[in-house]
>>> print(open('final_5.pdb').read())   # PDB, C-alpha atoms, pLDDT in the B column
ATOM      1  CA  MET M  75      -0.114 -11.795  23.131  1.00 94.00           C
ATOM      2  CA  LEU M  76      -3.771 -11.816  24.170  1.00 98.00           C
ATOM      3  CA  ALA M  77      -6.663  -9.674  22.912  1.00 98.00           C
ATOM      4  CA  LEU M  78     -10.193  -9.077  24.105  1.00 98.00           C
ATOM      5  CA  GLN M  79     -13.315  -7.372  22.862  1.00 98.00           C
ATOM      6  CA  LEU M  80     -15.353  -6.301  25.859  1.00 98.00           C
ATOM      7  CA  THR M  81     -18.737  -4.620  25.591  1.00 98.00           C
ATOM      8  CA  VAL M  82     -20.096  -3.178  28.834  1.00 98.00           C
ATOM      9  CA  SER M  83     -23.573  -1.900  29.592  1.00 98.00           C
ATOM     10  CA  GLY M  84     -24.971   0.159  32.434  1.00 97.00           C
ATOM     11  CA  ARG M  85     -24.209   3.796  33.118  1.00 97.00           C
ATOM     12  CA  VAL M  86     -21.066   3.900  31.002  1.00 97.00           C
ATOM     13  CA  GLN M  87     -21.606   6.804  28.598  1.00 97.00           C
ATOM     14  CA  GLY M  88     -21.269  10.447  29.574  1.00 96.00           C
ATOM     15  CA  VAL M  89     -19.460   9.650  32.833  1.00 97.00           C
ATOM     16  CA  GLY M  90     -15.801   9.335  31.762  1.00 97.00           C
ATOM     17  CA  PHE M  91     -15.737   5.543  31.447  1.00 97.00           C
ATOM     18  CA  ARG M  92     -13.838   5.595  28.125  1.00 97.00           C
ATOM     19  CA  TRP M  93     -11.218   7.993  29.511  1.00 97.00           C
ATOM     20  CA  TRP M  94     -10.844   5.825  32.613  1.00 97.00           C
ATOM     21  CA  ALA M  95     -10.352   2.768  30.344  1.00 98.00           C
ATOM     22  CA  GLN M  96      -7.762   4.643  28.312  1.00 97.00           C
ATOM     23  CA  GLY M  97      -5.792   5.615  31.421  1.00 97.00           C
ATOM     24  CA  VAL M  98      -5.845   2.104  32.878  1.00 98.00           C
ATOM     25  CA  ALA M  99      -4.943   0.497  29.551  1.00 98.00           C
ATOM     26  CA  ARG M 100      -2.012   2.847  29.069  1.00 97.00           C
ATOM     27  CA  GLN M 101      -0.772   2.157  32.612  1.00 98.00           C
ATOM     28  CA  LEU M 102      -0.947  -1.555  31.846  1.00 98.00           C
ATOM     29  CA  GLY M 103       0.904  -1.118  28.539  1.00 98.00           C
ATOM     30  CA  LEU M 104      -2.022  -2.251  26.397  1.00 98.00           C
ATOM     31  CA  ALA M 105      -2.912  -1.235  22.867  1.00 98.00           C
ATOM     32  CA  GLY M 106      -6.438  -0.739  21.549  1.00 98.00           C
ATOM     33  CA  ARG M 107      -9.396   1.575  21.974  1.00 98.00           C
ATOM     34  CA  ALA M 108     -12.551   2.332  23.912  1.00 98.00           C
ATOM     35  CA  ARG M 109     -15.563   3.721  22.073  1.00 98.00           C
ATOM     36  CA  ASN M 110     -19.212   4.524  22.669  1.00 98.00           C
ATOM     37  CA  LEU M 111     -21.732   2.401  20.807  1.00 98.00           C
ATOM     38  CA  PRO M 112     -25.028   3.840  19.526  1.00 98.00           C
ATOM     39  CA  ASP M 113     -27.043   1.619  21.898  1.00 98.00           C
ATOM     40  CA  GLY M 114     -25.488   3.151  25.044  1.00 98.00           C
ATOM     41  CA  ARG M 115     -22.816   0.522  25.642  1.00 98.00           C
ATOM     42  CA  VAL M 116     -19.033   0.982  25.547  1.00 98.00           C
ATOM     43  CA  GLU M 117     -16.745  -1.334  23.595  1.00 98.00           C
ATOM     44  CA  ILE M 118     -13.164  -1.928  24.711  1.00 98.00           C
ATOM     45  CA  LEU M 119     -10.654  -3.605  22.409  1.00 98.00           C
ATOM     46  CA  ALA M 120      -7.434  -4.294  24.284  1.00 98.00           C
ATOM     47  CA  GLN M 121      -4.378  -6.370  23.503  1.00 98.00           C
ATOM     48  CA  GLY M 122      -1.014  -7.023  25.040  1.00 98.00           C
ATOM     49  CA  ASP M 123       0.649  -9.395  27.455  1.00 97.00           C
ATOM     50  CA  PRO M 124      -1.848 -11.850  28.991  1.00 98.00           C
ATOM     51  CA  ASP M 125      -1.672 -10.699  32.630  1.00 98.00           C
ATOM     52  CA  PRO M 126      -2.317  -6.995  31.875  1.00 98.00           C
ATOM     53  CA  VAL M 127      -5.185  -7.901  29.517  1.00 98.00           C
ATOM     54  CA  ARG M 128      -6.783 -10.023  32.259  1.00 98.00           C
ATOM     55  CA  THR M 129      -6.251  -7.176  34.742  1.00 98.00           C
ATOM     56  CA  MET M 130      -8.021  -4.764  32.382  1.00 98.00           C
ATOM     57  CA  LEU M 131     -10.950  -7.161  32.133  1.00 98.00           C
ATOM     58  CA  ARG M 132     -11.206  -7.544  35.895  1.00 98.00           C
ATOM     59  CA  LEU M 133     -11.023  -3.801  36.573  1.00 98.00           C
ATOM     60  CA  ALA M 134     -13.521  -2.941  33.830  1.00 98.00           C
ATOM     61  CA  VAL M 135     -16.270  -5.212  35.152  1.00 97.00           C
ATOM     62  CA  GLU M 136     -15.657  -5.533  38.904  1.00 96.00           C
ATOM     63  CA  VAL M 137     -18.475  -4.576  41.267  1.00 93.00           C
ATOM     64  CA  PRO M 138     -17.870  -2.648  43.367  1.00 92.00           C
ATOM     65  CA  THR M 139     -14.981  -0.888  41.663  1.00 92.00           C
ATOM     66  CA  THR M 140     -11.627  -0.748  43.433  1.00 93.00           C
ATOM     67  CA  THR M 141     -10.256   1.931  41.087  1.00 91.00           C
ATOM     68  CA  SER M 142     -12.897   4.674  41.327  1.00 93.00           C
ATOM     69  CA  ARG M 143     -14.108   3.688  37.878  1.00 96.00           C
ATOM     70  CA  PRO M 144     -16.787   6.171  36.787  1.00 96.00           C
ATOM     71  CA  GLY M 145     -20.366   5.060  36.222  1.00 95.00           C
ATOM     72  CA  TRP M 146     -21.377   1.478  36.828  1.00 95.00           C
ATOM     73  CA  VAL M 147     -21.431  -1.753  34.858  1.00 97.00           C
ATOM     74  CA  ASP M 148     -24.626  -3.818  34.893  1.00 96.00           C
ATOM     75  CA  ASP M 149     -23.564  -6.463  32.393  1.00 97.00           C
ATOM     76  CA  TYR M 150     -20.839  -7.279  29.912  1.00 98.00           C
ATOM     77  CA  GLU M 151     -20.095  -9.417  26.888  1.00 98.00           C
ATOM     78  CA  LEU M 152     -16.586 -10.798  26.416  1.00 98.00           C
ATOM     79  CA  HIS M 153     -14.947 -12.216  23.303  1.00 98.00           C
ATOM     80  CA  TRP M 154     -11.335 -13.318  23.058  1.00 98.00           C
ATOM     81  CA  VAL M 155     -10.171 -12.174  19.621  1.00 98.00           C
ATOM     82  CA  GLU M 156      -7.050 -12.383  17.498  1.00 97.00           C
ATOM     83  CA  PRO M 157      -4.547  -9.589  18.255  1.00 96.00           C
ATOM     84  CA  THR M 158      -4.025  -6.990  15.520  1.00 94.00           C
ATOM     85  CA  PRO M 159      -0.349  -7.015  14.465  1.00 93.00           C
ATOM     86  CA  GLY M 160       1.405  -3.679  14.826  1.00 92.00           C
ATOM     87  CA  ARG M 161      -1.324  -2.012  16.912  1.00 92.00           C
ATOM     88  CA  LEU M 162       0.242   0.672  19.106  1.00 92.00           C
ATOM     89  CA  GLY M 163      -1.242   2.956  21.757  1.00 96.00           C
ATOM     90  CA  PHE M 164      -4.651   3.023  23.366  1.00 97.00           C
ATOM     91  CA  PHE M 165      -7.253   5.567  22.326  1.00 96.00           C
ATOM     92  CA  ALA M 166     -10.672   6.663  23.539  1.00 93.00           C
ATOM     93  CA  GLY M 167     -12.999   8.041  20.981  1.00 82.00           C
TER      94      GLY M 167
END
>>> encode(input="final_5.pdb", output="structure tokens")
Amino acid sequence: MLALQLTVSGRVQGVGFRWWAQGVARQLGLAGRARNLPDGRVEILAQGDPDPVRTMLRLAVEVPTTTSRPGWVDDYELHWVEPTPGRLGFFAG
């Protein structure tokens, strides 16, 4: 199991970025959440099998997007974190 904490900046609030992240994460079978931060960034916490987690990372930050990801990402901060036992589902909020 692998887990990441990804914080993206750019035009990522008010454009559907969190809902896009939720849809992709669910398709990949990941658990976690995407949420707006007060400073205009979006934080994604995602965990699951290593390959899907790495795919989520790639899709969330790639420029240009290959998945019609809404908005744009100027920069990101990545931390590999410990998975949360028993976490189920992926939520945007």
>>> residues_around(input="final_5.pdb", residues="range 150-158 of chain M", least_positions_apart="2", cutoff="8 Å", atoms="only C-alpha atoms", output="count of residues only")
15
>>> atom_distance(input="final_5.pdb", atom1="CA of Glu136 in chain M", atom2="CA of Gly167 in chain M")
22.6 Å
>>> closest_residue(input="final_5.pdb", among="M:Pro159, M:Gly90, M:Gly145, M:Pro138", to="Gly122 in chain M", atoms="all atoms listed in the file")
M:Pro159
>>> atom_distance(input="final_5.pdb", atom1="CA of Val89 in chain M", atom2="CA of Asp123 in chain M")
28.2 Å
>>> atom_distance(input="final_5.pdb", atom1="CA of Gly114 in chain M", atom2="CA of Pro144 in chain M")
14.9 Å
>>> axis_aligned_box(input="final_5.pdb", around="range 78-91 of chain M", padding_each_side="8 Å", output="JSON")
{"center_x": -17.6, "center_y": 0.7, "center_z": 28.0, "size_x": 30.8, "size_y": 35.5, "size_z": 26.3}
>>> residues_around(input="final_5.pdb", residues="Arg143 in chain M", least_positions_apart="4", cutoff="12 Å", atoms="all atoms listed in the file", output="PyMOL selection string")
chain M and resi 85-86+89-98+130+132-139+147
